[in-house]
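Below is the file entry.cif, which contains mmCIF, C-alpha atoms.
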data_target
loop_
_atom_site.label_atom_id
_atom_site.label_comp_id
_atom_site.auth_asym_id
_atom_site.auth_seq_id
_atom_site.Cartn_x
_atom_site.Cartn_y
_atom_site.Cartn_z
CA MET A 18 0.00 0.00 0.00
CA ALA A 19 2.89 2.34 0.78
CA ALA A 20 4.39 1.74 -2.67
CA MET A 21 1.15 2.70 -4.37
CA ASP A 22 1.02 5.87 -2.31
CA ASP A 23 4.58 6.82 -3.52
CA VAL A 24 3.57 6.29 -7.17
CA ALA A 25 0.47 8.40 -6.72
CA ALA A 26 2.50 11.14 -5.06
CA ALA A 27 4.98 11.09 -7.96
CA LYS A 28 2.15 11.55 -10.49
CA ALA A 29 0.55 14.39 -8.54
CA PRO A 30 0.74 17.78 -10.37
CA LEU A 31 3.60 20.05 -9.36
CA SER A 32 3.01 23.45 -7.92
CA PRO A 33 4.08 26.48 -10.02
CA VAL A 34 7.11 27.00 -7.80
CA ASP A 35 8.16 23.37 -8.17
CA ARG A 36 7.74 23.57 -11.94
CA ILE A 37 10.01 26.60 -12.21
CA ALA A 38 12.56 24.92 -9.98
CA ALA A 39 12.44 21.78 -12.09
CA VAL A 40 13.00 23.75 -15.32
CA LEU A 41 15.94 25.58 -13.82
CA ASP A 42 17.43 22.32 -12.59
CA TRP A 43 17.04 20.85 -16.07
CA TRP A 44 18.93 23.75 -17.72
CA ARG A 45 21.64 23.68 -15.05
CA ALA A 46 22.12 19.97 -15.72
CA ALA A 47 22.45 20.83 -19.43
CA GLY A 48 25.25 23.33 -18.62
CA VAL A 49 23.30 26.54 -19.30
CA THR A 50 23.75 28.93 -16.41
CA GLN A 51 22.94 32.33 -18.06
CA ALA A 52 20.09 33.76 -20.09
CA PHE A 53 20.69 34.97 -23.68
CA HIS A 54 18.61 37.04 -26.12
CA ASP A 55 18.65 36.87 -29.89
CA GLU A 56 17.91 40.58 -30.19
CA PRO A 57 20.82 42.98 -29.37
CA GLN A 58 20.22 45.15 -26.31
CA ASP A 59 21.35 48.74 -25.83
CA TRP A 60 22.72 48.78 -22.31
CA LEU A 61 23.33 52.56 -22.43
CA THR A 62 19.69 53.48 -23.07
CA PRO A 63 17.96 54.53 -19.82
CA PRO A 64 14.73 52.79 -18.90
CA GLU A 65 11.51 54.27 -20.18
CA GLY A 66 10.36 57.22 -18.15
CA LYS A 67 13.80 58.01 -16.79
CA ALA A 68 15.95 60.84 -18.16
CA PRO A 69 19.63 60.14 -18.81
CA PRO A 70 21.90 61.30 -16.01
CA ARG A 71 23.43 64.73 -16.45
CA SER A 72 27.16 65.06 -16.58
CA ALA A 73 28.65 66.62 -13.49
CA VAL A 74 30.96 68.81 -15.58
CA PRO A 75 29.37 70.46 -18.66
CA MET A 76 31.37 70.02 -21.85
CA PRO A 77 32.47 73.33 -23.41
CA GLU A 78 31.17 74.05 -26.87
CA GLU A 79 33.75 73.80 -29.63
CA THR A 80 34.32 77.07 -31.43
CA PRO A 81 35.38 76.82 -35.07
CA GLU A 82 38.88 77.99 -35.84
CA PRO A 83 39.05 81.27 -37.77
CA PRO A 84 40.10 80.92 -41.41
CA PRO A 85 43.78 81.54 -42.09
CA PRO A 86 44.64 85.04 -43.33
CA ARG A 87 44.76 85.56 -47.06
CA LEU A 88 48.22 85.62 -48.56
CA GLY A 89 49.32 89.21 -48.84
CA GLY A 90 46.84 90.54 -46.30
CA ASP A 91 44.65 93.52 -47.20
CA PRO A 92 44.91 94.31 -50.95
CA GLN A 93 44.24 97.97 -50.15
CA GLN A 94 47.63 98.06 -48.43
CA TRP A 95 49.60 96.56 -51.31
CA PRO A 96 52.34 98.75 -52.84
CA ALA A 97 51.38 100.65 -55.97
CA ASP A 98 54.85 100.60 -57.56
CA LEU A 99 57.44 97.94 -58.33
CA SER A 100 60.08 99.35 -56.00
CA GLY A 101 57.71 99.30 -53.02
CA PHE A 102 56.54 95.82 -53.96
CA ALA A 103 60.11 94.49 -53.73
CA ASP A 104 60.43 95.71 -50.13
CA TRP A 105 56.95 94.43 -49.26
CA TRP A 106 57.76 91.04 -50.87
CA LEU A 107 60.66 90.59 -48.44
CA ALA A 108 58.84 91.56 -45.25
CA GLU A 109 55.12 90.74 -45.60
CA PRO A 110 54.30 88.33 -42.70
CA THR A 111 51.25 86.78 -44.40
CA LEU A 112 53.51 85.15 -46.97
CA PRO A 113 54.41 82.07 -44.89
CA PHE A 114 57.33 80.79 -46.92
CA ALA A 115 60.36 79.39 -45.13
CA GLY A 116 63.67 80.31 -46.70
CA ARG A 117 65.60 83.26 -48.03
CA ARG A 118 63.27 85.61 -49.89
CA VAL A 119 64.48 87.18 -53.11
CA PRO A 120 62.73 90.23 -54.62
CA PRO A 121 61.97 90.83 -58.30
CA ARG A 122 64.52 92.86 -60.24
CA GLY A 123 64.31 95.18 -63.18
CA PRO A 124 62.35 98.32 -64.06
CA ALA A 125 58.64 98.86 -64.44
CA GLY A 126 57.49 99.18 -68.04
CA ALA A 127 60.34 96.91 -69.17
CA GLU A 128 60.56 95.64 -72.72
CA LEU A 129 60.40 92.06 -71.41
CA MET A 130 59.21 90.60 -68.11
CA VAL A 131 60.15 86.99 -67.37
CA LEU A 132 58.05 85.28 -64.72
CA VAL A 133 59.39 82.04 -63.17
CA PRO A 134 57.95 79.80 -60.44
CA MET A 135 60.53 80.52 -57.72
CA PRO A 136 64.10 81.65 -57.06
CA GLU A 137 66.95 79.26 -57.62
CA SER A 138 68.24 77.39 -54.58
CA GLU A 139 71.63 79.14 -55.07
CA ASP A 140 70.17 82.65 -55.13
CA GLY A 141 71.42 85.21 -52.66
CA ASP A 142 70.32 88.81 -52.98
CA GLN A 143 69.65 88.61 -56.73
CA LEU A 144 66.90 86.60 -58.35
CA LEU A 145 68.11 83.93 -60.81
CA SER A 146 71.81 84.32 -60.15
CA ALA A 147 72.86 80.84 -61.35
CA GLY A 148 72.09 78.60 -64.35
CA GLN A 149 68.49 79.68 -64.78
CA GLY A 150 69.58 83.30 -64.79
CA ARG A 151 72.03 82.64 -67.59
CA LEU A 152 69.24 80.98 -69.57
CA VAL A 153 66.95 84.00 -69.13
CA SER A 154 69.75 86.40 -70.04
CA GLY A 155 70.37 84.39 -73.20
CA ILE A 156 66.70 84.62 -74.14
CA ALA A 157 66.77 88.38 -73.60
CA ARG A 158 69.86 88.79 -75.80
CA ALA A 159 68.24 86.67 -78.53
CA LEU A 160 65.27 89.03 -78.44
CA ALA A 161 67.60 92.07 -78.50
CA VAL A 162 66.40 93.17 -75.07
CA ALA A 163 68.97 95.19 -73.14
CA ALA A 164 69.76 94.26 -69.56
CA ASP A 165 68.19 97.45 -68.25
CA GLN A 166 64.97 96.61 -70.12
CA LEU A 167 64.59 93.16 -68.56
CA CYS A 168 62.37 92.55 -65.52
CA ILE A 169 62.58 89.18 -63.76
CA ALA A 170 60.09 88.08 -61.08
CA SER A 171 59.05 84.86 -59.38
CA ALA A 172 55.67 83.58 -58.27
CA LEU A 173 57.11 82.55 -54.88
CA PRO A 174 59.41 84.71 -52.77
CA CYS A 175 61.83 81.86 -51.95
CA HIS A 176 62.84 78.44 -53.22
CA GLN A 177 60.46 75.63 -52.22
CA ALA A 178 60.88 71.88 -52.71
CA LEU A 179 57.29 70.85 -53.51
CA PRO A 180 54.88 73.81 -53.44
CA ASP A 181 51.15 73.05 -53.54
CA TRP A 182 50.18 75.45 -56.32
CA GLY A 183 46.47 74.69 -56.09
CA ALA A 184 46.37 75.46 -52.37
CA LEU A 185 48.43 78.61 -52.89
CA ARG A 186 46.00 79.84 -55.52
CA GLU A 187 43.05 79.23 -53.19
CA ALA A 188 44.90 81.06 -50.41
CA GLY A 189 45.20 84.22 -52.52
CA LEU A 190 48.57 84.01 -54.24
CA ASP A 191 46.86 84.53 -57.59
CA ALA A 192 45.73 88.04 -56.60
CA VAL A 193 49.22 88.91 -55.35
CA LEU A 194 50.87 87.78 -58.58
CA GLN A 195 48.32 89.56 -60.76
CA HIS A 196 48.95 92.75 -58.80
CA LEU A 197 52.68 92.38 -59.40
CA VAL A 198 52.25 92.04 -63.16
CA THR A 199 49.80 94.94 -63.19
CA ILE A 200 52.19 97.39 -61.52
CA ALA A 201 55.14 96.08 -63.56
CA GLN A 202 53.31 96.84 -66.86
CA PRO A 203 55.79 95.06 -69.16
CA ARG A 204 55.55 95.37 -72.93
CA ARG A 205 55.91 91.59 -73.20
CA LEU A 206 55.47 88.83 -70.63
CA LEU A 207 57.29 85.51 -70.88
CA VAL A 208 55.99 82.89 -68.44
CA LEU A 209 58.44 80.05 -67.79
CA GLY A 210 56.46 77.46 -65.86
CA ALA A 211 53.10 77.59 -67.58
CA GLY A 212 51.46 74.74 -65.67
CA ASP A 213 52.11 76.35 -62.29
CA ILE A 214 51.94 80.08 -63.06
CA LEU A 215 49.20 80.50 -65.65
CA PRO A 216 46.37 79.46 -63.26
CA LEU A 217 47.63 82.18 -60.90
CA LEU A 218 47.22 84.69 -63.73
CA GLY A 219 43.59 83.82 -64.35
CA HIS A 220 44.00 81.07 -66.94
CA ASP A 221 41.64 78.11 -66.54
CA PRO A 222 43.86 75.13 -65.59
CA ALA A 223 41.43 72.77 -67.34
CA GLN A 224 42.27 74.43 -70.66
CA ALA A 225 45.46 74.02 -72.63
CA ALA A 226 48.16 76.65 -72.18
CA PRO A 227 47.51 79.58 -74.48
CA GLY A 228 49.82 80.46 -77.31
CA ILE A 229 50.71 84.06 -78.04
CA HIS A 230 47.70 85.90 -76.66
CA PRO A 231 47.01 88.72 -74.23
CA LEU A 232 46.02 87.83 -70.67
CA SER A 233 43.26 90.28 -69.91
CA ALA A 234 42.89 88.90 -66.39
CA VAL A 235 46.05 90.68 -65.30
CA GLY A 236 45.67 93.79 -67.43
CA VAL A 237 48.47 92.92 -69.85
CA ASP A 238 47.63 94.35 -73.27
CA LYS A 239 50.68 92.80 -74.96
CA PRO A 240 51.17 89.20 -76.05
CA VAL A 241 52.07 86.64 -73.40
CA LEU A 242 54.17 83.61 -74.26
CA ALA A 243 54.10 80.60 -71.94
CA SER A 244 56.62 77.76 -71.90
CA PHE A 245 58.23 75.24 -69.60
CA ALA A 246 59.93 76.05 -66.29
CA PRO A 247 63.64 76.98 -66.43
CA ASP A 248 64.82 73.73 -64.81
CA ALA A 249 62.97 71.68 -67.44
CA LEU A 250 64.38 73.83 -70.26
CA LEU A 251 67.92 73.37 -68.94
CA ALA A 252 67.43 69.60 -68.67
CA ARG A 253 66.15 69.00 -72.23
CA TRP A 254 67.46 70.61 -75.39
CA GLN A 255 64.25 69.59 -77.22
CA LEU A 256 62.26 71.93 -74.99
CA ARG A 257 64.73 74.74 -75.58
CA ALA A 258 64.40 74.23 -79.33
CA GLN A 259 60.61 74.34 -79.03
CA LEU A 260 60.85 77.59 -77.04
CA TRP A 261 63.19 79.11 -79.62
CA ARG A 262 60.72 78.46 -82.43
CA ALA A 263 57.94 79.99 -80.32
CA LEU A 264 60.13 83.04 -79.64
CA LEU A 265 60.66 83.55 -83.37
CA ASP A 266 56.92 83.45 -83.97
CA TRP A 267 56.36 85.76 -81.00
CA THR A 268 58.80 88.34 -82.32
CA ASP A 269 57.30 88.29 -85.80
CA GLY A 270 53.78 88.54 -84.43
CA ASP A 271 54.55 91.57 -82.26
CA ALA A 272 56.81 93.53 -84.55
#
Please render this file's structure as structure tokens.
Amino acid sequence: MAAMDDVAAAKAPLSPVDRIAAVLDWWRAAGVTQAFHDEPQDWLTPPEGKAPPRSAVPMPEETPEPPPPRLGGDPQQWPADLSGFADWWLAEPTLPFAGRRVPPRGPAGAELMVLVPMPESEDGDQLLSAGQGRLVSGIARALAVAADQLCIASALPCHQALPDWGALREAGLDAVLQHLVTIAQPRRLLVLGAGDILPLLGHDPAQAAPGIHPLSAVGVDKPVLASFAPDALLARWQLRAQLWRALLDWTDGDA
């Protein structure tokens, strides 16, 4: 009779508490000791109805940095003559170029103005005092331009290894260079370094370099001839021959 009572007790329904305990015991026996969810949970989100805690120390608002000053500063303060520009070129603090600055040389209203990207690395007080200067002097003699009728200027005040010409144009170097050519007022302008300098003079860099044409953007009413930079001309005789042929056409076209 006692055995029958044990069987009956075993078949009796479990209470809700016993059922939960039995389920937990079953999962523990299977080795599962923690609960997992298939859906990801955001532990940082506060419960509904509760505002997120405020930080004890308020974070300061970030103020945007002011834009860098334009190269050359206020155009209203720029020199109105070539002599004053040379002094300004050496001392203007908004031209952040590291190295020895070299001013342009030659008179205003010169027969020929030669514009190059930058001074030579060997330059001291005189612009283009080494090999590139001899090249430019040879070009002037071939065009029958006297030394006192030759003006030489550079787009940068000192020699730079790898200047970012696009960034310099956006920073305002184009306006500075156009002002220089405007106050120089040469009868002819020879640009040696067309790819770097012409965009600073208002020429669209997406277009091919112009031939013998005026550059109205800088107020030059005489033909402008553009060619390769002096270092490239010195390195390849083929480029010098190409420039010579262009110079012959330039001279005939502006006689």
## Note on the structure
One residue among A:Ala170, A:Ala192, A:Ile156, A:Leu179 is nearest to Ala258 of chain A when using only C-alpha atoms, and that residue is A:Ile156
### Query
Using all atoms listed in the file, which of A:Gln94, A:Ser32, A:Gln177, A:Ser138 sits nearest Glu109 of chain A?
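Selected residue with least distance to Glu109 of chain A: A:Gln94.
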#### Entry: Gln93 of chain A environment, 12 Å, only C-alpha atoms, sequence neighbours closer than 2 positions dropped, as number ranges by chain
A: 89-91, 95-97, 192-193, 196
Mind writing the picked residues with C-alpha atoms as an mmCIF file, in the frame of the given file?
data_model
loop_
_atom_site.group_PDB
_atom_site.id
_atom_site.type_symbol
_atom_site.label_atom_id
_atom_site.label_comp_id
_atom_site.auth_asym_id
_atom_site.auth_seq_id
_atom_site.Cartn_x
_atom_site.Cartn_y
_atom_site.Cartn_z
ATOM 1 C CA GLY A 89 49.320 89.210 -48.840
ATOM 2 C CA GLY A 90 46.840 90.540 -46.300
ATOM 3 C CA ASP A 91 44.650 93.520 -47.200
ATOM 4 C CA TRP A 95 49.600 96.560 -51.310
ATOM 5 C CA PRO A 96 52.340 98.750 -52.840
ATOM 6 C CA ALA A 97 51.380 100.650 -55.970
ATOM 7 C CA ALA A 192 45.730 88.040 -56.600
ATOM 8 C CA VAL A 193 49.220 88.910 -55.350
ATOM 9 C CA HIS A 196 48.950 92.750 -58.800
#
### Query
Could you pull the residues within 9 Å of Gly148 of chain A, counting only C-alpha atoms, minus those fewer than 2 positions along the same chain, as a list of chain:residue names?
A:Glu137, A:Leu145, A:Ser146, A:Gly150, A:Arg151, A:Leu152, A:Val153, A:Pro247, A:Asp248, A:Leu251
Evaluating the PyMOL selection byres ((chain A and resi 115) around 10) on the displayed file yields which residues, as a PDB file with C-alpha atoms, keeping the file's coordinate frame?
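Final output, saved to expr-v2.pdb:
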ATOM      1  CA  LEU A 112      53.510  85.150 -46.970  1.00  0.00           C
ATOM      2  CA  PRO A 113      54.410  82.070 -44.890  1.00  0.00           C
ATOM      3  CA  PHE A 114      57.330  80.790 -46.920  1.00  0.00           C
ATOM      4  CA  GLY A 116      63.670  80.310 -46.700  1.00  0.00           C
ATOM      5  CA  ARG A 117      65.600  83.260 -48.030  1.00  0.00           C
ATOM      6  CA  ARG A 118      63.270  85.610 -49.890  1.00  0.00           C
ATOM      7  CA  PRO A 174      59.410  84.710 -52.770  1.00  0.00           C
ATOM      8  CA  CYS A 175      61.830  81.860 -51.950  1.00  0.00           C
ATOM      9  CA  HIS A 176      62.840  78.440 -53.220  1.00  0.00           C
ATOM     10  CA  GLN A 177      60.460  75.630 -52.220  1.00  0.00           C
TER      11      GLN A 177
END
### Interatomic distance (Å, one decimal) between atom CA of Asp191 of chain A and atom CA of Asp104 of chain A
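Here the two named atoms are 19.1 Å from each other.
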#### Entry: Spatial neighbours of Gln149 of chain A, max dist 12 Å, all atoms listed in the file, sep filter under 5 positions, as a list in words
Val131, Leu132, Val133, Pro134, Met135, Pro136, Glu137, Ser138, Glu139, Asp140, Leu144, Ser154, Gly155, Ile156, Ile169, Leu209, Ala246, Pro247, Asp248, Ala249, Leu250, Leu251 and Ala252 of chain A
### Query
So what does the PyMOL selection byres ((chain A and resi 103) around 10) actually pick up in this one, as a PyMOL selection string?
chain A and resi 96+98-102+104-108+119-122+170+174+197
Selection above as a file: C-alpha atoms, as a compact mmCIF listing (two decimals), in the coordinates of the input:
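As written to disk, out-v4.txt reads:
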# COMPACT_ATOMS: atom_id res chain seq x y z
CA PRO A 96 52.34 98.75 -52.84
CA ASP A 98 54.85 100.60 -57.56
CA LEU A 99 57.44 97.94 -58.33
CA SER A 100 60.08 99.35 -56.00
CA GLY A 101 57.71 99.30 -53.02
CA PHE A 102 56.54 95.82 -53.96
CA ASP A 104 60.43 95.71 -50.13
CA TRP A 105 56.95 94.43 -49.26
CA TRP A 106 57.76 91.04 -50.87
CA LEU A 107 60.66 90.59 -48.44
CA ALA A 108 58.84 91.56 -45.25
CA VAL A 119 64.48 87.18 -53.11
CA PRO A 120 62.73 90.23 -54.62
CA PRO A 121 61.97 90.83 -58.30
CA ARG A 122 64.52 92.86 -60.24
CA ALA A 170 60.09 88.08 -61.08
CA PRO A 174 59.41 84.71 -52.77
CA LEU A 197 52.68 92.38 -59.40
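The shortest atom-to-atom distance to Asp181 of chain A, with only C-alpha atoms taken into account, belongs to A:Ile214 out of A:Ile214, A:Met130, A:Leu207, A:Leu194.
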### Task
Would you translate the PyMOL selection byres ((chain A and resi 261-271) around 9) into the concrete set of residues it matches in this file, as a list in words?
Ile156, Ala159, Leu160, Gly228, Ile229, Lys239, Pro240, Val241, Leu242, Ser244, Leu256, Arg257, Ala258, Gln259, Leu260 and Ala272 of chain A
### Query
Distance atom CA of Gly141 of chain A-atom CA of Ala243 of chain A, one decimal place?
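Rounded to one decimal, the two atoms are 26.3 Å apart.
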### Between atom CA of Leu218 of chain A and atom CA of Gln166 of chain A - distance in Å to one decimal
22.3 Å
Hey, can I get the axis-aligned box for segment 249-256 of chain A? All listed atoms, 6 Å padding on each side, centre and edge lengths in Å to one decimal, as AutoDock Vina command-line options.
--center_x 65.1 --center_y 71.4 --center_z -72.3 --size_x 17.7 --size_y 16.8 --size_z 21.8
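For the residues A:Gln143, A:Gly123, A:Glu78, A:Leu185, ranking by smallest atom-to-atom distance to Ala163 of chain A using all atoms listed in the file places A:Gly123 first.
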